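Peer 1: See start19.cif below, with mmCIF, C-alpha atoms.
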data_target
#
loop_
_atom_site.group_PDB
_atom_site.id
_atom_site.type_symbol
_atom_site.label_atom_id
_atom_site.label_comp_id
_atom_site.auth_asym_id
_atom_site.auth_seq_id
_atom_site.Cartn_x
_atom_site.Cartn_y
_atom_site.Cartn_z
ATOM 1 C CA MET A 24 111.674 106.523 105.573
ATOM 2 C CA SER A 25 108.310 104.836 105.309
ATOM 3 C CA TYR A 26 107.202 101.223 105.355
ATOM 4 C CA VAL A 27 103.988 99.333 105.965
ATOM 5 C CA GLY A 28 103.035 99.946 109.595
ATOM 6 C CA GLY A 29 105.832 102.479 110.004
ATOM 7 C CA LYS A 30 105.982 105.181 112.664
ATOM 8 C CA ALA A 31 108.352 107.536 110.848
ATOM 9 C CA ASN A 32 106.036 110.553 110.905
ATOM 10 C CA SER A 33 103.081 109.499 113.016
ATOM 11 C CA ALA A 34 104.299 108.513 116.464
ATOM 12 C CA SER A 35 103.945 111.756 118.450
ATOM 13 C CA HIS A 36 100.915 110.456 120.361
ATOM 14 C CA ILE A 37 102.835 107.305 121.300
ATOM 15 C CA LEU A 38 105.999 109.125 122.323
ATOM 16 C CA ALA A 39 104.024 111.565 124.483
ATOM 17 C CA VAL A 40 103.117 108.559 126.626
ATOM 18 C CA LEU A 41 106.352 106.566 126.518
ATOM 19 C CA ASN A 42 108.449 109.664 127.235
ATOM 20 C CA HIS A 43 106.270 110.917 130.067
ATOM 21 C CA PRO A 44 108.510 111.648 133.095
ATOM 22 C CA VAL A 45 106.649 109.048 135.150
ATOM 23 C CA PHE A 46 108.421 106.369 133.088
ATOM 24 C CA ASN A 47 111.918 107.856 133.380
ATOM 25 C CA GLY A 48 114.539 105.364 134.512
ATOM 26 C CA MET A 49 112.561 102.279 133.563
ATOM 27 C CA HIS A 50 113.919 99.396 131.507
ATOM 28 C CA TYR A 51 112.355 99.728 128.043
ATOM 29 C CA VAL A 52 111.419 96.729 125.880
ATOM 30 C CA GLU A 53 110.135 96.805 122.292
ATOM 31 C CA PRO A 54 109.308 93.315 120.950
ATOM 32 C CA PHE A 55 108.239 94.444 117.434
ATOM 33 C CA VAL A 56 111.007 96.903 116.678
ATOM 34 C CA GLY A 57 110.452 97.241 112.912
ATOM 35 C CA TYR A 58 112.701 99.995 111.582
ATOM 36 C CA ALA A 59 113.189 101.412 115.106
ATOM 37 C CA HIS A 60 111.246 104.621 114.420
ATOM 38 C CA VAL A 61 109.845 104.543 117.956
ATOM 39 C CA LEU A 62 112.907 103.089 119.677
ATOM 40 C CA ARG A 63 115.201 105.857 118.460
ATOM 41 C CA ARG A 64 112.936 108.533 119.963
ATOM 42 C CA VAL A 65 112.368 106.980 123.381
ATOM 43 C CA ILE A 66 114.372 108.894 125.992
ATOM 44 C CA ASN A 67 115.469 108.768 129.621
ATOM 45 C CA LYS A 68 115.294 104.999 130.097
ATOM 46 C CA ARG A 69 117.670 102.886 132.126
ATOM 47 C CA SER A 70 118.130 100.369 129.314
ATOM 48 C CA TYR A 71 116.764 99.548 125.868
ATOM 49 C CA THR A 72 115.979 96.077 124.543
ATOM 50 C CA ALA A 73 114.467 95.566 121.090
ATOM 51 C CA SER A 74 113.617 92.398 119.217
ATOM 52 C CA ASP A 75 111.803 90.961 116.235
ATOM 53 C CA ALA A 76 111.163 87.427 115.027
ATOM 54 C CA ASN A 77 112.371 88.277 111.515
ATOM 55 C CA PRO A 78 116.008 87.138 111.151
ATOM 56 C CA LEU A 79 116.717 89.276 108.067
ATOM 57 C CA LEU A 80 115.417 92.422 109.734
ATOM 58 C CA MET A 81 117.456 91.859 112.884
ATOM 59 C CA LEU A 82 120.579 91.104 110.845
ATOM 60 C CA LEU A 83 120.110 94.419 109.029
ATOM 61 C CA LEU A 84 119.565 96.389 112.251
ATOM 62 C CA ARG A 85 122.597 94.834 113.956
ATOM 63 C CA ALA A 86 124.721 95.707 110.922
ATOM 64 C CA VAL A 87 123.486 99.303 111.082
ATOM 65 C CA GLN A 88 124.136 99.423 114.819
ATOM 66 C CA ARG A 89 127.737 98.319 114.252
ATOM 67 C CA GLY A 90 128.292 100.746 111.403
ATOM 68 C CA LYS A 91 128.910 98.057 108.802
ATOM 69 C CA SER A 92 129.099 98.907 105.128
ATOM 70 C CA LEU A 93 125.911 97.671 103.475
ATOM 71 C CA PRO A 94 125.880 95.861 100.105
ATOM 72 C CA ILE A 95 124.363 97.524 97.047
ATOM 73 C CA VAL A 96 121.674 95.785 94.981
ATOM 74 C CA ARG A 97 122.400 96.827 91.395
ATOM 75 C CA ASP A 98 119.148 95.956 89.636
ATOM 76 C CA ALA A 99 115.919 93.973 89.678
ATOM 77 C CA ASN A 100 117.660 90.801 88.513
ATOM 78 C CA GLU A 101 119.993 90.859 91.508
ATOM 79 C CA TYR A 102 117.064 91.643 93.802
ATOM 80 C CA HIS A 103 115.112 88.598 92.587
ATOM 81 C CA ARG A 104 118.202 86.383 92.696
ATOM 82 C CA LEU A 105 118.730 87.293 96.353
ATOM 83 C CA LYS A 106 115.037 86.825 97.098
ATOM 84 C CA HIS A 107 115.137 83.221 95.922
ATOM 85 C CA GLN A 108 118.428 82.385 97.604
ATOM 86 C CA ARG A 109 118.445 80.517 100.891
ATOM 87 C CA GLY A 110 120.138 81.597 104.075
ATOM 88 C CA THR A 111 120.368 84.702 106.198
ATOM 89 C CA THR A 112 122.970 86.985 104.671
ATOM 90 C CA LEU A 113 123.447 90.712 104.897
ATOM 91 C CA ALA A 114 122.986 91.064 101.125
ATOM 92 C CA ARG A 115 119.574 89.360 101.360
ATOM 93 C CA ALA A 116 118.621 91.495 104.366
ATOM 94 C CA VAL A 117 119.498 94.713 102.541
ATOM 95 C CA ALA A 118 117.592 93.641 99.420
ATOM 96 C CA ALA A 119 114.553 92.469 101.388
ATOM 97 C CA PHE A 120 113.977 95.804 103.109
ATOM 98 C CA THR A 121 116.137 98.600 101.724
ATOM 99 C CA TYR A 122 115.189 98.004 98.085
ATOM 100 C CA SER A 123 111.556 96.933 98.568
ATOM 101 C CA PHE A 124 108.310 98.830 98.114
ATOM 102 C CA ASN A 125 107.464 100.759 101.296
ATOM 103 C CA GLY A 126 110.213 98.811 103.063
ATOM 104 C CA LYS A 127 108.002 95.730 103.264
ATOM 105 C CA GLU A 128 109.983 92.503 103.181
ATOM 106 C CA TRP A 129 110.302 91.426 99.523
ATOM 107 C CA GLY A 130 107.536 93.866 98.601
ATOM 108 C CA GLY A 131 108.902 94.401 95.106
ATOM 109 C CA TYR A 132 112.070 96.024 93.782
ATOM 110 C CA THR A 133 111.838 99.804 94.125
ATOM 111 C CA PRO A 134 114.516 101.879 92.368
ATOM 112 C CA THR A 135 114.292 105.602 91.633
ATOM 113 C CA TYR A 136 110.756 106.642 90.728
ATOM 114 C CA LYS A 137 108.389 109.619 90.559
ATOM 115 C CA GLY A 138 105.352 109.720 92.777
ATOM 116 C CA CYS A 139 101.866 109.907 91.265
ATOM 117 C CA SER A 140 101.425 113.562 92.227
ATOM 118 C CA SER A 141 105.021 114.731 91.976
ATOM 119 C CA THR A 142 107.564 115.562 89.300
ATOM 120 C CA VAL A 143 110.410 115.029 91.760
ATOM 121 C CA SER A 144 112.276 111.736 91.515
ATOM 122 C CA ARG A 145 112.675 109.711 94.686
ATOM 123 C CA ASN A 146 115.298 107.138 95.490
ATOM 124 C CA PRO A 147 113.962 104.975 98.368
ATOM 125 C CA PRO A 148 117.186 102.943 98.825
ATOM 126 C CA ASP A 149 119.204 106.150 99.259
ATOM 127 C CA GLU A 150 116.577 107.548 101.611
ATOM 128 C CA ARG A 151 116.785 104.411 103.731
ATOM 129 C CA ARG A 152 120.580 104.498 103.814
ATOM 130 C CA ARG A 153 120.418 108.069 105.095
ATOM 131 C CA TYR A 154 117.994 106.858 107.740
ATOM 132 C CA TYR A 155 120.387 104.060 108.734
ATOM 133 C CA LYS A 156 123.084 106.696 109.269
ATOM 134 C CA LYS A 157 120.678 108.597 111.536
ATOM 135 C CA LEU A 158 120.000 105.379 113.432
ATOM 136 C CA TYR A 159 123.714 104.699 113.861
ATOM 137 C CA GLU A 160 124.152 108.139 115.429
ATOM 138 C CA ASN A 161 121.196 107.699 117.803
ATOM 139 C CA ASP A 162 122.093 107.020 121.452
ATOM 140 C CA ALA A 163 119.080 104.834 122.263
ATOM 141 C CA PHE A 164 119.593 102.675 119.186
ATOM 142 C CA ARG A 165 123.363 102.429 119.662
ATOM 143 C CA SER A 166 122.947 101.275 123.265
ATOM 144 C CA ALA A 167 120.039 98.910 122.629
ATOM 145 C CA ARG A 168 120.302 95.175 123.022
ATOM 146 C CA LEU A 169 119.000 93.839 119.703
ATOM 147 C CA THR A 170 117.802 90.240 119.687
ATOM 148 C CA GLU A 171 116.108 87.914 117.231
ATOM 149 C CA ALA A 172 113.135 86.550 119.144
ATOM 150 C CA SER A 173 109.407 86.118 118.854
ATOM 151 C CA TYR A 174 107.478 88.154 121.407
ATOM 152 C CA HIS A 175 106.014 85.085 123.141
ATOM 153 C CA GLU A 176 109.544 83.823 123.904
ATOM 154 C CA LEU A 177 110.192 86.846 126.131
ATOM 155 C CA LYS A 178 109.643 86.822 129.898
ATOM 156 C CA PRO A 179 109.718 90.509 130.894
ATOM 157 C CA LYS A 180 109.388 91.631 134.502
ATOM 158 C CA HIS A 181 108.954 95.205 135.749
ATOM 159 C CA LYS A 182 109.528 96.733 132.312
ATOM 160 C CA LEU A 183 107.984 99.474 130.209
ATOM 161 C CA ILE A 184 106.893 97.682 127.033
ATOM 162 C CA TYR A 185 105.704 99.058 123.710
ATOM 163 C CA CYS A 186 104.269 96.649 121.129
ATOM 164 C CA ASP A 187 103.616 97.457 117.480
ATOM 165 C CA PRO A 188 102.418 94.069 116.174
ATOM 166 C CA PRO A 189 101.111 93.260 112.690
ATOM 167 C CA TYR A 190 97.700 94.889 112.733
ATOM 168 C CA GLU A 191 94.660 92.706 112.273
ATOM 169 C CA ASP A 192 93.234 92.767 108.724
ATOM 170 C CA THR A 193 96.214 94.679 107.341
ATOM 171 C CA THR A 194 99.454 93.796 105.562
ATOM 172 C CA GLY A 195 102.190 92.822 108.022
ATOM 173 C CA TYR A 196 105.363 90.795 108.155
ATOM 174 C CA SER A 197 103.414 87.598 108.730
ATOM 175 C CA SER A 198 100.080 86.478 107.340
ATOM 176 C CA HIS A 199 99.817 83.861 110.110
ATOM 177 C CA PHE A 200 99.991 86.119 113.141
ATOM 178 C CA ASP A 201 97.801 84.732 115.936
ATOM 179 C CA HIS A 202 96.040 87.825 117.258
ATOM 180 C CA ASP A 203 94.079 86.001 119.972
ATOM 181 C CA HIS A 204 97.297 84.547 121.390
ATOM 182 C CA PHE A 205 98.950 87.960 121.214
ATOM 183 C CA TRP A 206 96.260 89.584 123.379
ATOM 184 C CA ASP A 207 96.504 86.715 125.877
ATOM 185 C CA VAL A 208 100.253 87.329 126.179
ATOM 186 C CA MET A 209 99.624 91.063 126.629
ATOM 187 C CA ARG A 210 97.236 90.277 129.490
ATOM 188 C CA ALA A 211 99.876 88.097 131.135
ATOM 189 C CA TRP A 212 102.605 90.718 130.728
ATOM 190 C CA SER A 213 100.344 93.421 132.148
ATOM 191 C CA ARG A 214 100.298 91.746 135.546
ATOM 192 C CA ASP A 215 103.764 93.030 136.421
ATOM 193 C CA ASN A 216 104.804 95.275 133.522
ATOM 194 C CA ILE A 217 103.451 98.500 132.052
ATOM 195 C CA VAL A 218 102.430 97.585 128.509
ATOM 196 C CA PHE A 219 101.259 99.790 125.642
ATOM 197 C CA ILE A 220 100.075 98.409 122.305
ATOM 198 C CA SER A 221 99.417 100.097 118.957
ATOM 199 C CA GLU A 222 96.429 98.741 117.033
ATOM 200 C CA TYR A 223 93.228 99.856 115.355
ATOM 201 C CA ARG A 224 91.071 97.833 117.732
ATOM 202 C CA ALA A 225 91.497 95.647 120.802
ATOM 203 C CA PRO A 226 89.480 93.369 123.113
ATOM 204 C CA LYS A 227 87.137 95.091 125.552
ATOM 205 C CA ASP A 228 89.457 94.731 128.555
ATOM 206 C CA PHE A 229 92.005 96.996 126.837
ATOM 207 C CA VAL A 230 91.585 100.767 126.967
ATOM 208 C CA CYS A 231 92.580 103.328 124.340
ATOM 209 C CA VAL A 232 94.895 105.830 126.021
ATOM 210 C CA THR A 233 95.432 108.061 122.992
ATOM 211 C CA SER A 234 94.778 107.926 119.262
ATOM 212 C CA LEU A 235 95.694 109.449 115.907
ATOM 213 C CA GLU A 236 93.932 109.442 112.543
ATOM 214 C CA LYS A 237 96.263 108.105 109.853
ATOM 215 C CA ASN A 238 96.284 107.848 106.096
ATOM 216 C CA MET A 239 97.133 104.242 105.307
ATOM 217 C CA ILE A 240 98.804 103.708 101.917
ATOM 218 C CA LEU A 241 98.037 100.271 100.502
ATOM 219 C CA PRO A 242 100.636 98.494 98.318
ATOM 220 C CA GLY A 243 99.697 98.674 94.636
ATOM 221 C CA ALA A 244 96.802 101.030 95.297
ATOM 222 C CA ASP A 245 96.335 104.615 94.116
ATOM 223 C CA TYR A 246 94.473 105.751 97.201
ATOM 224 C CA THR A 247 94.827 106.087 100.947
ATOM 225 C CA GLU A 248 92.467 104.844 103.614
ATOM 226 C CA LYS A 249 91.858 106.829 106.799
ATOM 227 C CA ARG A 250 92.028 104.832 110.018
ATOM 228 C CA VAL A 251 92.272 105.743 113.688
ATOM 229 C CA GLU A 252 95.310 104.174 115.303
ATOM 230 C CA CYS A 253 94.997 103.735 119.059
ATOM 231 C CA LEU A 254 97.492 103.188 121.834
ATOM 232 C CA PHE A 255 95.977 100.588 124.142
ATOM 233 C CA THR A 256 96.851 99.338 127.579
ATOM 234 C CA HIS A 257 95.223 96.647 129.684
ATOM 235 C CA LYS A 258 93.035 97.781 132.575
ATOM 236 C CA SER A 259 95.288 95.956 135.029
ATOM 237 C CA CYS A 260 98.134 98.367 134.183
ATOM 238 C CA LEU A 261 96.270 101.293 135.732
ATOM 239 C CA PRO A 262 97.327 100.564 139.332
ATOM 240 C CA LEU A 263 100.958 100.169 138.224
ATOM 241 C CA ILE A 264 100.884 103.505 136.398
ATOM 242 C CA ALA A 265 99.119 105.298 139.244
ATOM 243 C CA GLU A 266 101.475 103.808 141.833
ATOM 244 C CA ARG A 267 104.507 104.965 139.895
ATOM 245 C CA ALA A 268 103.017 108.429 139.373
ATOM 246 C CA ASP A 269 102.256 108.749 143.093
ATOM 247 C CA TYR A 270 105.771 107.608 144.023
ATOM 248 C CA PHE A 271 107.348 110.335 141.886
ATOM 249 C CA ASN A 272 104.576 112.842 142.669
ATOM 250 C CA ILE A 273 103.875 113.289 138.962
ATOM 251 C CA LYS A 274 100.456 113.997 137.502
ATOM 252 C CA MET A 275 99.311 111.892 134.575
ATOM 253 C CA GLY A 276 95.825 113.253 134.077
ATOM 254 C CA HIS A 277 95.755 112.794 130.304
ATOM 255 C CA ILE A 278 96.397 109.071 130.758
ATOM 256 C CA LEU A 279 94.562 108.299 133.973
ATOM 257 C CA LYS A 280 91.361 109.972 132.741
ATOM 258 C CA SER A 281 91.140 107.306 130.064
ATOM 259 C CA PHE A 282 90.615 104.623 132.683
ATOM 260 C CA LYS A 283 87.718 106.245 134.535
#
If you took the structure in this file and wrote it as structure tokens, what would it be?
Peer 2:
Amino acid sequence: MSYVGGKANSASHILAVLNHPVFNGMHYVEPFVGYAHVLRRVINKRSYTASDANPLLMLLLRAVQRGKSLPIVRDANEYHRLKHQRGTTLARAVAAFTYSFNGKEWGGYTPTYKGCSSTVSRNPPDERRRYYKKLYENDAFRSARLTEASYHELKPKHKLIYCDPPYEDTTGYSSHFDHDHFWDVMRAWSRDNIVFISEYRAPKDFVCVTSLEKNMILPGADYTEKRVECLFTHKSCLPLIAERADYFNIKMGHILKSFK
């Protein structure tokens, strides 16, 4: 299942770091959980905590986690009626994401359609429901503590943290995301946590640990744009990573080389 900023098929470089044995047994925190494409593939952690500031998204994920039956949105009229309703209901949450273009919140009603270069019909809502079933059966997701919270409300200590924020100059959940404040919070967290951040670029005191070239599909466009997505960490995390690697006598050459 895809959505704007999604990691459904392009997270191997991230998981190679997060699932490195040096981080086994740590408490894992993901403050921008999205559709949980990364969360569900993180292994060998002591605990899992995931959050997002979007109340509709978190309502949907908690319903999936509990195995609730999800409402069906019959047509575009019902979709638009739910969009303009007030309140946080499961029906609105399902419409906002499950039936929207690329899974973007209220990105436009998307029923069955044929892709530009394909004769095969696709049904995104059904695809997403099958994904929800996969999520429900996933151990990390089932055991995760899911909370509705903005990242700057969190006070993590001694955690392994992965952040996938709205990327700068791209379409995200919020058009008012304060990127300067975000990087300041990442600096503060990096004093006593190990923090990794996905972005296309970062301030100079953050280092790219690994990267992947991606084809970015823009809503309403007939083309893709190639961009290099990086996994950053702050320079102050290096001693924490090295200390943990030394303690467990584990080599992390592919990561530690990036800091030299």
Peer 1: Measuring atom to atom with all atoms listed in the file, identify which of A:Ser234, A:Asn216, A:Asn67, A:Ser144 is nearest to Ile264 in chain A.
Peer 2: A:Asn216
Peer 1: Using all atoms listed in the file for the distances, tell me which of A:Asp187, A:Asp215, A:Glu101, A:Glu222 is nearest to Pro54 in chain A.
Peer 2: A:Asp187
Peer 1: Name every residue that the PyMOL selection byres ((chain A and resi 267) around 12) selects in this structure, writing the answer as JSON, numbers by chain with chains first and numbers rising.
Peer 2: {"A": [43, 44, 45, 46, 47, 48, 49, 181, 183, 216, 217, 260, 261, 262, 263, 264, 265, 266, 268, 269, 270, 271, 272, 273, 274, 275]}
Peer 1: Which is closest to Leu38 in chain A among A:His50, A:Met81, A:Phe205, A:Val61, if we use all atoms listed in the file?
Peer 2: A:Val61
Peer 1: Starting from the displayed file, determine the output of the PyMOL selection byres ((chain A and resi 150) around 12) and express the residue list as a ChimeraX atom specification.
Peer 2: /A:24-26,121-122,125-126,133-135,144-149,151-157
Peer 1: Which of these, A:Leu113, A:Ala118, A:Ala163, A:Val96, has the shortest distance to Arg64 in chain A once you count only C-alpha atoms?
Peer 2: A:Ala163
Peer 1: Could you list, as a CSV table (one decimal) with C-alpha atoms, in the coordinates of the input, every residue matched by the PyMOL selection byres ((chain A and resi 115) around 10) in this structure?
Peer 2:
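This is the output file out29.csv:
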chain,number,residue,atom,x,y,z
A,79,LEU,CA,116.7,89.3,108.1
A,80,LEU,CA,115.4,92.4,109.7
A,82,LEU,CA,120.6,91.1,110.8
A,83,LEU,CA,120.1,94.4,109.0
A,94,PRO,CA,125.9,95.9,100.1
A,96,VAL,CA,121.7,95.8,95.0
A,101,GLU,CA,120.0,90.9,91.5
A,102,TYR,CA,117.1,91.6,93.8
A,103,HIS,CA,115.1,88.6,92.6
A,104,ARG,CA,118.2,86.4,92.7
A,105,LEU,CA,118.7,87.3,96.4
A,106,LYS,CA,115.0,86.8,97.1
A,107,HIS,CA,115.1,83.2,95.9
A,108,GLN,CA,118.4,82.4,97.6
A,109,ARG,CA,118.4,80.5,100.9
A,110,GLY,CA,120.1,81.6,104.1
A,111,THR,CA,120.4,84.7,106.2
A,112,THR,CA,123.0,87.0,104.7
A,113,LEU,CA,123.4,90.7,104.9
A,114,ALA,CA,123.0,91.1,101.1
A,116,ALA,CA,118.6,91.5,104.4
A,117,VAL,CA,119.5,94.7,102.5
A,118,ALA,CA,117.6,93.6,99.4
A,119,ALA,CA,114.6,92.5,101.4
A,120,PHE,CA,114.0,95.8,103.1
A,121,THR,CA,116.1,98.6,101.7
A,129,TRP,CA,110.3,91.4,99.5
Peer 1: Which distance in Å separates CA of Tyr185 in chain A and CA of Glu53 in chain A, to one decimal?
Peer 2: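 About the pair CA of Tyr185 in chain A and CA of Glu53 in chain A: they are 5.2 Å apart.
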Peer 1: Can you tell me which residues surround Tyr51 in chain A at a distance of at most 7 Å, considering all atoms listed in the file, apart from same-chain residues fewer than 4 positions away, and format the answer as a JSON list (two decimals) with C-alpha atoms, keeping the file's coordinate frame?
Peer 2:
[["chain", "number", "residue", "atom", "x", "y", "z"],
["A", 68, "LYS", "CA", 115.29, 105.00, 130.10],
["A", 70, "SER", "CA", 118.13, 100.37, 129.31],
["A", 71, "TYR", "CA", 116.76, 99.55, 125.87],
["A", 72, "THR", "CA", 115.98, 96.08, 124.54],
["A", 182, "LYS", "CA", 109.53, 96.73, 132.31],
["A", 183, "LEU", "CA", 107.98, 99.47, 130.21],
["A", 184, "ILE", "CA", 106.89, 97.68, 127.03]]
Peer 1: Between CA of Val208 in chain A and CA of His175 in chain A, what is the spacing in Å?
Peer 2: 6.9 Å
Peer 1: In file coordinates, which residues lie within 10 Å of (107.7, 86.9, 119.0) using all atoms listed in the file, given as a PDB file with C-alpha atoms, in the frame of the given file?
Peer 2:
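What ended up in part_9.pdb:
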ATOM      1  CA  PRO A  54     109.308  93.315 120.950  1.00  0.00           C
ATOM      2  CA  PHE A  55     108.239  94.444 117.434  1.00  0.00           C
ATOM      3  CA  SER A  74     113.617  92.398 119.217  1.00  0.00           C
ATOM      4  CA  ASP A  75     111.803  90.961 116.235  1.00  0.00           C
ATOM      5  CA  ALA A  76     111.163  87.427 115.027  1.00  0.00           C
ATOM      6  CA  ASN A  77     112.371  88.277 111.515  1.00  0.00           C
ATOM      7  CA  GLU A 171     116.108  87.914 117.231  1.00  0.00           C
ATOM      8  CA  ALA A 172     113.135  86.550 119.144  1.00  0.00           C
ATOM      9  CA  SER A 173     109.407  86.118 118.854  1.00  0.00           C
ATOM     10  CA  TYR A 174     107.478  88.154 121.407  1.00  0.00           C
ATOM     11  CA  HIS A 175     106.014  85.085 123.141  1.00  0.00           C
ATOM     12  CA  GLU A 176     109.544  83.823 123.904  1.00  0.00           C
ATOM     13  CA  LEU A 177     110.192  86.846 126.131  1.00  0.00           C
ATOM     14  CA  PRO A 188     102.418  94.069 116.174  1.00  0.00           C
ATOM     15  CA  PHE A 200      99.991  86.119 113.141  1.00  0.00           C
ATOM     16  CA  PHE A 205      98.950  87.960 121.214  1.00  0.00           C
TER      17      PHE A 205
END
Peer 1: Which residue, A:Ala39, A:Val232, A:Ala225, A:Ala59, has the smallest gap to Trp206 in chain A when you use all atoms listed in the file?
Peer 2: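 Closest to Trp206 in chain A, using all atoms listed in the file: A:Ala225.
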Peer 1: If I take CA of Tyr223 in chain A and CA of Tyr132 in chain A, how far is one from the other in Å, to one decimal?
Peer 2: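 According to the coordinates, CA of Tyr223 in chain A and CA of Tyr132 in chain A are separated by 28.9 Å.
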